[in-house]
Each structure stands twice: as C-alpha cells, then as structure tokens.
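Here is the structure we will look at, set down as structure tokens.
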Amino acid sequence: MKFRTRSSAIIGTLCLVTSLALATASADEPAGAPAQQVSASLTEVARAQSPSAGAAGPDGTVWIAERAGSVRVLDDSGLGEPVLDISDETTTDGERGLLGVAFDKTFTHFYISYTDLEGTSTIDEFAVEGGQLRTDTRRTVLTQTQPYANHNGGDIKFGPDGYLYIALGDGGSGGDPHGNGQELGTLLGKLLRIDPSGGDPYAIPADNPFVDDANAKGEIWAYGLRNPWRFSFDAGTGDLLIGDVGQSDWEEIDRAPADSEGGENYGWASMEGTHPFRGGTEPANHVPPVYEYDRTGLGCSVTGGFVYRGDALPDLRGSYVFSDYCDGTLRTLQLENGEVTGVGDLGVSGGEVISFVEGGDGELYVLGSSGVVSRVDPA
Ligand SMILES: [Ca+2]
C-alpha cells in the first residue's frame with residue numbers, strides 16, 4: 001500500500017522475521033503457541049470522502065458513512081450517490097462528525113450516530129422499505145451532551161440479542177477530568193444497550209446490569225471505557241470485542257463472552273490497559289484487556305475490527321483483525337476461550353485505518369483516512 005509509514009515498514013520487517021520463525025516451529029509445540037501467519041492483500045473497491053464507518057446492508061450491499069455527514073451505498077456497480085446527507089447538521093471539528101451507522105437484524109431500520117452542531121452525540125433512526133431509506137420517518141432515539149470535542153466514541157452495532165449497543169467515550173479532554181469512566185451516573189465512558197423498538201424513544205432491556213441501581217443509568221451495559229472508537233460482535237460466537245483508545249501509553253482490546261450478563265468494568269481511568277493510570281488503584285472488578293500494546297513503535301490509536309468469519313481466507317477464520325490509526329498494518333489475534341493464543345499480521349497496511357466494515361458475506365472492508373475503501377482478499 002502507498003501509505004505505509006516508516007514505522008510500519010520496520011514493524012513489517014520484524015513480523016516477517018517472526019513469521020519465518022513460526023513457520024519452522026516443530027509440530028510438538030505446546031497447544032496455544034502462536035499460529036502461523038496468514039497473508040492477505042487489499043483490493044481497492046471504492047473511494048469515498050473521509051469514510052468513517054459502515055454496515056452491511058440489504059441485498060449484499062455495504063453502506064458507507066462519510067464523516068462530513070453523508071451515507072452512500074456500495075454494491076457491485078461501485079459507490080453510489082448519497083442516500084442521506086446530514087452535512088448541515090454536523091461538523092468534522094475535532095473528532096466529531098457522522099461516526100457510526102447500523103442496521104437492525106431485519107434491515108427494517110437504519111441508525112446513524114453523529115455529533116450535532118453543539119457536539120451532542122445523537123442516535124437517529126430511519127425506517128427502511130424495499131432497501132430504501134424512508135427519510136420522512138427520521139426520529140431521534142438518544143442524545144448525550146459532550147463536554148469536549150474529542151473521545152465521542154460513536155460506534156453503534158446490534159448485538160446477537162437484537163439490542164442496539166452504543167459506544168460513548170469518556171467526554172474527552174485528557175485523563176478523564178470528570179471521572180466519567182468509573183461513574184455509573186453518566187452515559188459517558190460506557191457501552192450502552194437499549195431496545196430502540198421497545199419504547200418511545202427507546203426501552204431499557206430488563207436484564208441490563210444496573211436497572212435496579214438507583215445511582216446508575218439503566219442503559220449501561222459496560223463501563224470504564226476511555227474512547228471505545230470501534231467495537232464488534234463475533235458473528236460466529238457472539239463474543240464482544242472493543243478497541244479502546246489509550247491516553248498516552250497503552251492501546252487495548254477488551255472482550256466479553258457471548259454469555260456475559262454485562263456490568264464489566266474495563267478500568268478507565270483507574271487503569272490504562274493493565275497499568276494503574278496516574279496513581280490509580282486497580283478496581284476489584286477490573287476486567288483487564290485481552291490484549292494491549294504500547295506506543296513505542298506499534299501505533300498511537302487502536303482501531304477495533306472484527307473476528308473474521310468470511311470464506312475468502314479460510315486460515316483467517318476465527319482470528320480477530322484490527323489495526324491502528326498511526327500504523328495501518330492489519331494485525332491479528334488468535335483467541336481461544338477468551339485468551340490470546342497468537343498474534344500476527346496480514347502483511348499489508350491499510351494506511352491510516354479509521355474503521356473496518358463486515359460485509360453480509362463475512363468479508364472485511366478497510367476504511368482509510370485517504371478515502372480508500374478496500375476489501376481484505378487473499379494474498
Ligand atoms: Ca481498560
């Protein structure tokens with residue numbers, strides 16, 4: 001790829017050495033040893049204007065959000081003209097903009113996650129009929145004011161349970177000055193779980209972890225998050241994986257199993273990764289990241305991805321694919337029973353990777369800040 005940075009070139013060399021060593025590992029290597037590297041290529045399928053997010057749509061389409069406020073549909077004939085344009089209602093100031101899109105399971109509703117002109121995180125819903133957005137049905141589902149222009153989170157996804165999950169950052173600035181991550185009385189620094197079809201404007205599922213706690217917001221599913229920019233559910237297992245961007249030292253991937261009852265405390269701002277943050281004390285219920293990496297060379301801002309469940313790269317199935325905004329190498333984690341049993345990379349860089357999108361067929365797309373939308377293909 002053209003956007004390979006100097007640091008990623010160095011890392012690529014290191015990983016090549018690692019893969020050669022792994023390839024010669026003996027057959028009696030203990031169970032859980034790092035798996036052999038899988039190589040991939042990236043095929044450019046479209047160019048968008050600052051693509052920020054995407055979602056599998058009806059009839060095999062992939063819907064792409066552009067940060068300035070438009071949504072365009074990618075199909076076999078390419079990327080179409082915008083089917084939605086809210087560019088006069090949002091701003092790309094700071095880390096703001098149109099930050100997330102999602103369909104419900106039956107493709108009857110489409111959701112957008114954006115910051116409005118005041119910076120308020122906003123989730124809106126549209127009905128979908130015959131694969132078309134009914135823009136006249138737009139309604140606001142949830143809003144959350146934001147004290148600063150950064151750490152908005154903004155990703156939205158439907159879980160295997162049919163509920164809408166919403167990632168919100170800690171409110172921004174740096175070091176979580178308001179203590180939002182550990183404060184259950186605010187939606188900031190949380191992963192939320194709501195039922196947008198169950199009430200007006202939404203219902204809180206009765207089995208959410210804090211519904212009986214008068215001092216906690218019932219919408220909260222998990223907490224202690226700093227800037228959960230991208231999260232996903234494993235289409236094979238239902239496990240939840242969150243890429244939580246670090247403050248200055250540690251980037252992390254958090255996880256919860258499919259049978260989680262929620263309430264996980266991922267530690268921020270007492271912890272950054274597995275490390276006490278600014279003299280913080282590790283909470284007794286801290287769920288440490290399943291994987292963390294420092295910033296001495298491997299990047300600056302994790303971009304959470306997906307567990308690959310497609311057909312094009314059979315050896316990649318079951319591996320979590322993610323990247324980093326500053327080092328666009330597509331990296332992999334092998335996961336078994338909630339533990340990382342191997343780390344690797346696909347030998348390609350996606351440039352400044354903003355987001356991944358999982359197509360309806362399980363294949364993965366990479367969105368780069370340059371505008372390139374590419375598909376992960378075999379090498
Ligand atoms: Ca954490």
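Residues are named by chain letter and number: chains run A, B, ... in the order of the structure tokens, numbers start at 1 in each chain, and ligands are numbered from 1 in the order shown.
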
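Residues in contact with range 75-91 of chain A at 7 Å, where only C-alpha atoms are counted and same-chain residues fewer than 5 positions away are skipped, are listed as A:Ala46, A:Thr61, A:Val62, A:Ala68, A:Gly69, A:Ser70, A:Arg96, A:Gly97, A:Thr115, A:Asp116, A:Leu117.
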
Resulting file, chosen residues, N, CA and C atoms, as a CSV table (one decimal), in the first residue's frame:
```
chain,number,residue,atom,x,y,z
A,46,ALA,N,-13.5,1.1,-3.8
A,46,ALA,CA,-14.2,2.4,-3.9
A,46,ALA,C,-13.3,3.5,-3.3
A,61,THR,N,-25.4,-5.3,0.0
A,61,THR,CA,-24.8,-4.0,-0.1
A,61,THR,C,-24.0,-3.7,1.2
A,62,VAL,N,-23.1,-2.7,1.0
A,62,VAL,CA,-22.3,-2.2,2.2
A,62,VAL,C,-22.6,-0.7,2.2
A,68,ALA,N,-18.3,13.8,7.1
A,68,ALA,CA,-18.9,15.1,7.0
A,68,ALA,C,-20.5,15.0,7.0
A,69,GLY,N,-21.0,13.8,6.8
A,69,GLY,CA,-22.4,13.7,7.0
A,69,GLY,C,-23.2,12.9,6.0
A,70,SER,N,-22.6,12.3,5.0
A,70,SER,CA,-23.4,11.6,4.0
A,70,SER,C,-23.2,10.1,4.1
A,96,ARG,N,-15.3,15.0,15.7
A,96,ARG,CA,-16.7,14.9,15.5
A,96,ARG,C,-17.1,14.5,14.1
A,97,GLY,N,-18.4,14.4,13.9
A,97,GLY,CA,-19.0,14.1,12.6
A,97,GLY,C,-20.0,12.9,12.6
A,115,THR,N,-22.4,13.6,15.9
A,115,THR,CA,-22.4,14.7,16.8
A,115,THR,C,-23.1,15.9,16.1
A,116,ASP,N,-24.0,16.5,16.8
A,116,ASP,CA,-24.7,17.6,16.2
A,116,ASP,C,-23.9,18.9,16.3
A,117,LEU,N,-24.4,20.0,15.8
A,117,LEU,CA,-23.6,21.2,15.7
A,117,LEU,C,-23.2,21.7,17.1
```

- Counting only C-alpha atoms, what is within 7 Å of range 295-312 of chain A, bar same-chain residues fewer than 6 positions away, as a PyMOL selection string? chain A and resi 7+229-232+234-236+242-246+249-251+318-327+353-356+361-363+377-378

Quick one: write out the picked residues with C-alpha atoms as a short mmCIF file (atom, residue, chain, number, x, y, z; two decimals), in the first residue's frame?
```
data_model
loop_
_atom_site.label_atom_id
_atom_site.label_comp_id
_atom_site.auth_asym_id
_atom_site.auth_seq_id
_atom_site.Cartn_x
_atom_site.Cartn_y
_atom_site.Cartn_z
CA SER A 7 7.44 2.70 11.48
CA TRP A 229 -13.94 4.02 18.92
CA ARG A 230 -14.83 0.68 17.32
CA PHE A 231 -16.39 -2.49 18.70
CA SER A 232 -17.95 -5.60 17.20
CA ASP A 234 -18.12 -12.10 16.61
CA ALA A 235 -20.63 -13.35 14.04
CA GLY A 236 -19.59 -16.89 14.89
CA ILE A 242 -13.87 -3.46 21.89
CA GLY A 243 -10.93 -1.41 20.70
CA ASP A 244 -10.44 1.19 23.45
CA VAL A 245 -8.05 4.00 22.54
CA GLY A 246 -5.45 4.72 25.21
CA ASP A 249 0.88 4.71 26.67
CA TRP A 250 -1.36 1.67 26.16
CA GLU A 251 -3.79 0.71 23.40
CA GLY A 318 -11.76 -17.13 13.95
CA SER A 319 -8.96 -14.56 14.15
CA TYR A 320 -9.64 -11.01 15.26
CA VAL A 321 -8.46 -8.47 12.68
CA PHE A 322 -7.72 -4.94 13.85
CA SER A 323 -5.35 -2.07 13.16
CA ASP A 324 -4.11 1.29 14.38
CA TYR A 325 -4.60 4.77 13.02
CA CYS A 326 -0.88 5.59 13.09
CA ASP A 327 0.38 2.19 11.98
CA VAL A 353 -7.14 2.91 9.28
CA ILE A 354 -10.32 4.58 10.51
CA SER A 355 -12.64 1.62 10.61
CA PHE A 356 -13.45 -1.89 9.48
CA ASP A 361 -20.93 -12.37 3.50
CA GLY A 362 -18.42 -12.04 6.33
CA GLU A 363 -15.71 -10.43 4.21
CA ASP A 377 -8.55 -10.55 -0.09
CA PRO A 378 -6.15 -13.50 -0.26
#
```

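Distances to ligand 1 were evaluated for A:Gly181, A:Gly359, A:Gly198, A:Gly60 using only C-alpha atoms and all ligand atoms, and the minimum falls at A:Gly181.
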
With ligand 1 as the partner and 9 Å as the cut-off, tabulate the residues of chain A that qualify, each row holding the nearest pair of atoms and their distance in Å to one decimal, using only C-alpha atoms and all ligand atoms, sorted by chain and rising number, as JSON lines.
```
{"residue": "A:Gly224", "atom": "CA", "partner": "ligand 1", "partner_atom_place_in_ligand_line": "1 (Ca)", "distance": 6.4}
{"residue": "A:Leu225", "atom": "CA", "partner": "ligand 1", "partner_atom_place_in_ligand_line": "1 (Ca)", "distance": 6.1}
{"residue": "A:Arg226", "atom": "CA", "partner": "ligand 1", "partner_atom_place_in_ligand_line": "1 (Ca)", "distance": 7.5}
{"residue": "A:Asp244", "atom": "CA", "partner": "ligand 1", "partner_atom_place_in_ligand_line": "1 (Ca)", "distance": 6.9}
{"residue": "A:Val245", "atom": "CA", "partner": "ligand 1", "partner_atom_place_in_ligand_line": "1 (Ca)", "distance": 8.9}
{"residue": "A:Gly246", "atom": "CA", "partner": "ligand 1", "partner_atom_place_in_ligand_line": "1 (Ca)", "distance": 8.1}
{"residue": "A:Glu251", "atom": "CA", "partner": "ligand 1", "partner_atom_place_in_ligand_line": "1 (Ca)", "distance": 8.7}
{"residue": "A:Glu252", "atom": "CA", "partner": "ligand 1", "partner_atom_place_in_ligand_line": "1 (Ca)", "distance": 6.7}
{"residue": "A:Ile253", "atom": "CA", "partner": "ligand 1", "partner_atom_place_in_ligand_line": "1 (Ca)", "distance": 8.1}
{"residue": "A:Asp254", "atom": "CA", "partner": "ligand 1", "partner_atom_place_in_ligand_line": "1 (Ca)", "distance": 7.0}
{"residue": "A:Asn265", "atom": "CA", "partner": "ligand 1", "partner_atom_place_in_ligand_line": "1 (Ca)", "distance": 7.9}
{"residue": "A:Tyr266", "atom": "CA", "partner": "ligand 1", "partner_atom_place_in_ligand_line": "1 (Ca)", "distance": 4.3}
{"residue": "A:Gly267", "atom": "CA", "partner": "ligand 1", "partner_atom_place_in_ligand_line": "1 (Ca)", "distance": 4.5}
{"residue": "A:Trp268", "atom": "CA", "partner": "ligand 1", "partner_atom_place_in_ligand_line": "1 (Ca)", "distance": 5.2}
{"residue": "A:Ala269", "atom": "CA", "partner": "ligand 1", "partner_atom_place_in_ligand_line": "1 (Ca)", "distance": 7.9}
{"residue": "A:Ser270", "atom": "CA", "partner": "ligand 1", "partner_atom_place_in_ligand_line": "1 (Ca)", "distance": 8.6}
{"residue": "A:Met271", "atom": "CA", "partner": "ligand 1", "partner_atom_place_in_ligand_line": "1 (Ca)", "distance": 6.1}
{"residue": "A:Glu272", "atom": "CA", "partner": "ligand 1", "partner_atom_place_in_ligand_line": "1 (Ca)", "distance": 5.5}
{"residue": "A:Gly273", "atom": "CA", "partner": "ligand 1", "partner_atom_place_in_ligand_line": "1 (Ca)", "distance": 4.7}
{"residue": "A:Thr274", "atom": "CA", "partner": "ligand 1", "partner_atom_place_in_ligand_line": "1 (Ca)", "distance": 7.2}
{"residue": "A:His275", "atom": "CA", "partner": "ligand 1", "partner_atom_place_in_ligand_line": "1 (Ca)", "distance": 8.9}
{"residue": "A:His286", "atom": "CA", "partner": "ligand 1", "partner_atom_place_in_ligand_line": "1 (Ca)", "distance": 8.2}
{"residue": "A:Val287", "atom": "CA", "partner": "ligand 1", "partner_atom_place_in_ligand_line": "1 (Ca)", "distance": 7.5}
{"residue": "A:Pro288", "atom": "CA", "partner": "ligand 1", "partner_atom_place_in_ligand_line": "1 (Ca)", "distance": 6.2}
{"residue": "A:Pro289", "atom": "CA", "partner": "ligand 1", "partner_atom_place_in_ligand_line": "1 (Ca)", "distance": 6.0}
```

- Message: Need the shell around Ala40 in chain A: protein/DNA/RNA residues with any atom at most 10 Å away, counting only C-alpha atoms. Skip same-chain ones fewer than 6 positions apart. Format as an MDAnalysis selection string?
- Response: chainID A and resid 312:313 316 330 345:349 375:379

Excluding same-chain residues fewer than 5 positions from Glu358 in chain A, what lies within 7 Å of it counting only C-alpha atoms, as a PDB file with N, CA and C atoms, in the first residue's frame?
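Okay, this is what ended up in around_37.pdb:
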```pdb
ATOM      1  N   ALA A  55     -21.690  -0.418   7.397  1.00  0.00           N
ATOM      2  CA  ALA A  55     -22.517  -1.516   7.886  1.00  0.00           C
ATOM      3  C   ALA A  55     -23.002  -2.331   6.705  1.00  0.00           C
ATOM      4  N   ALA A  56     -23.144  -3.628   6.913  1.00  0.00           N
ATOM      5  CA  ALA A  56     -23.742  -4.484   5.893  1.00  0.00           C
ATOM      6  C   ALA A  56     -25.209  -4.114   5.746  1.00  0.00           C
ATOM      7  N   GLU A 363     -16.989 -10.997   4.663  1.00  0.00           N
ATOM      8  CA  GLU A 363     -15.706 -10.429   4.215  1.00  0.00           C
ATOM      9  C   GLU A 363     -15.513  -9.048   4.846  1.00  0.00           C
ATOM     10  N   LEU A 364     -14.244  -8.669   5.004  1.00  0.00           N
ATOM     11  CA  LEU A 364     -13.931  -7.431   5.709  1.00  0.00           C
ATOM     12  C   LEU A 364     -13.499  -6.327   4.749  1.00  0.00           C
ATOM     13  N   TYR A 365     -13.934  -5.124   5.050  1.00  0.00           N
ATOM     14  CA  TYR A 365     -13.539  -3.930   4.317  1.00  0.00           C
ATOM     15  C   TYR A 365     -12.779  -3.010   5.268  1.00  0.00           C
TER      16      TYR A 365
END
```

- What is the distance between CA of Arg134 in chain A and CA of Thr122 in chain A, in Å to one decimal? 18.6 Å

- Item | Who sits within 12 Å of Ala48 in chain A, only C-alpha atoms, same chain under 3 positions skipped, as a PyMOL selection string | chain A and resi 44-45+51-54+63-74+78-82+366-374

Can I get the selected residues back with N, CA and C atoms, as a tab-separated table (two decimals), in the first residue's frame?
```tsv
chain	number	residue	atom	x	y	z
A	44	GLU	N	-8.68	-2.29	-3.67
A	44	GLU	CA	-9.48	-1.07	-3.60
A	44	GLU	C	-10.80	-1.30	-4.33
A	45	VAL	N	-11.90	-1.04	-3.62
A	45	VAL	CA	-13.21	-1.23	-4.24
A	45	VAL	C	-13.94	0.09	-4.45
A	51	PRO	N	-14.27	8.43	4.70
A	51	PRO	CA	-15.19	7.42	5.22
A	51	PRO	C	-14.90	7.17	6.70
A	52	SER	N	-15.95	7.03	7.49
A	52	SER	CA	-15.75	6.89	8.94
A	52	SER	C	-16.30	5.59	9.50
A	53	ALA	N	-17.28	5.02	8.83
A	53	ALA	CA	-17.93	3.83	9.37
A	53	ALA	C	-18.71	3.15	8.26
A	54	GLY	N	-19.21	1.97	8.54
A	54	GLY	CA	-20.01	1.27	7.54
A	54	GLY	C	-20.78	0.14	8.17
A	63	TRP	N	-23.11	-0.23	3.33
A	63	TRP	CA	-23.41	1.19	3.44
A	63	TRP	C	-22.25	1.89	4.13
A	64	ILE	N	-21.78	2.95	3.50
A	64	ILE	CA	-20.59	3.64	3.97
A	64	ILE	C	-20.98	5.05	4.45
A	65	ALA	N	-20.55	5.39	5.67
A	65	ALA	CA	-20.75	6.74	6.20
A	65	ALA	C	-19.51	7.58	5.92
A	66	GLU	N	-19.74	8.81	5.48
A	66	GLU	CA	-18.66	9.76	5.33
A	66	GLU	C	-18.76	10.75	6.50
A	67	ARG	N	-17.60	11.09	7.09
A	67	ARG	CA	-17.62	11.80	8.36
A	67	ARG	C	-18.33	13.15	8.28
A	68	ALA	N	-18.29	13.78	7.11
A	68	ALA	CA	-18.94	15.09	6.98
A	68	ALA	C	-20.46	14.99	6.98
A	69	GLY	N	-21.01	13.77	6.84
A	69	GLY	CA	-22.45	13.65	7.04
A	69	GLY	C	-23.24	12.93	5.97
A	70	SER	N	-22.60	12.28	5.02
A	70	SER	CA	-23.37	11.57	4.00
A	70	SER	C	-23.22	10.06	4.14
A	71	VAL	N	-24.20	9.36	3.61
A	71	VAL	CA	-24.21	7.89	3.59
A	71	VAL	C	-24.36	7.46	2.14
A	72	ARG	N	-23.50	6.56	1.70
A	72	ARG	CA	-23.52	6.08	0.32
A	72	ARG	C	-23.51	4.55	0.32
A	73	VAL	N	-24.10	3.97	-0.70
A	73	VAL	CA	-24.27	2.52	-0.77
A	73	VAL	C	-23.29	1.93	-1.78
A	74	LEU	N	-22.53	0.97	-1.30
A	74	LEU	CA	-21.57	0.26	-2.14
A	74	LEU	C	-22.20	-1.05	-2.60
A	78	GLY	N	-20.31	-0.21	-7.69
A	78	GLY	CA	-19.50	0.83	-7.06
A	78	GLY	C	-20.24	1.58	-5.99
A	79	LEU	N	-19.68	2.74	-5.65
A	79	LEU	CA	-20.24	3.55	-4.57
A	79	LEU	C	-21.20	4.59	-5.16
A	80	GLY	N	-22.46	4.52	-4.74
A	80	GLY	CA	-23.48	5.38	-5.31
A	80	GLY	C	-23.48	6.78	-4.72
A	81	GLU	N	-24.36	7.60	-5.26
A	81	GLU	CA	-24.57	8.95	-4.73
A	81	GLU	C	-25.17	8.86	-3.33
A	82	PRO	N	-25.03	9.91	-2.51
A	82	PRO	CA	-25.55	9.83	-1.14
A	82	PRO	C	-27.04	9.51	-1.10
A	366	VAL	N	-11.83	-2.28	4.70
A	366	VAL	CA	-11.00	-1.37	5.48
A	366	VAL	C	-11.25	0.04	4.97
A	367	LEU	N	-11.51	0.96	5.89
A	367	LEU	CA	-11.70	2.36	5.54
A	367	LEU	C	-10.47	3.15	5.96
A	368	GLY	N	-9.82	3.80	4.99
A	368	GLY	CA	-8.64	4.59	5.30
A	368	GLY	C	-8.96	6.08	5.24
A	369	SER	N	-8.18	6.87	5.99
A	369	SER	CA	-8.47	8.30	6.03
A	369	SER	C	-8.25	8.96	4.67
A	370	SER	N	-7.48	8.32	3.79
A	370	SER	CA	-7.27	8.86	2.45
A	370	SER	C	-8.54	8.77	1.60
A	371	GLY	N	-9.51	7.98	2.06
A	371	GLY	CA	-10.74	7.79	1.31
A	371	GLY	C	-10.87	6.43	0.66
A	372	VAL	N	-9.78	5.68	0.67
A	372	VAL	CA	-9.82	4.37	0.02
A	372	VAL	C	-10.64	3.38	0.85
A	373	VAL	N	-11.57	2.74	0.16
A	373	VAL	CA	-12.32	1.62	0.74
A	373	VAL	C	-11.77	0.36	0.10
A	374	SER	N	-11.21	-0.51	0.90
A	374	SER	CA	-10.62	-1.72	0.31
A	374	SER	C	-11.15	-2.97	1.00
```
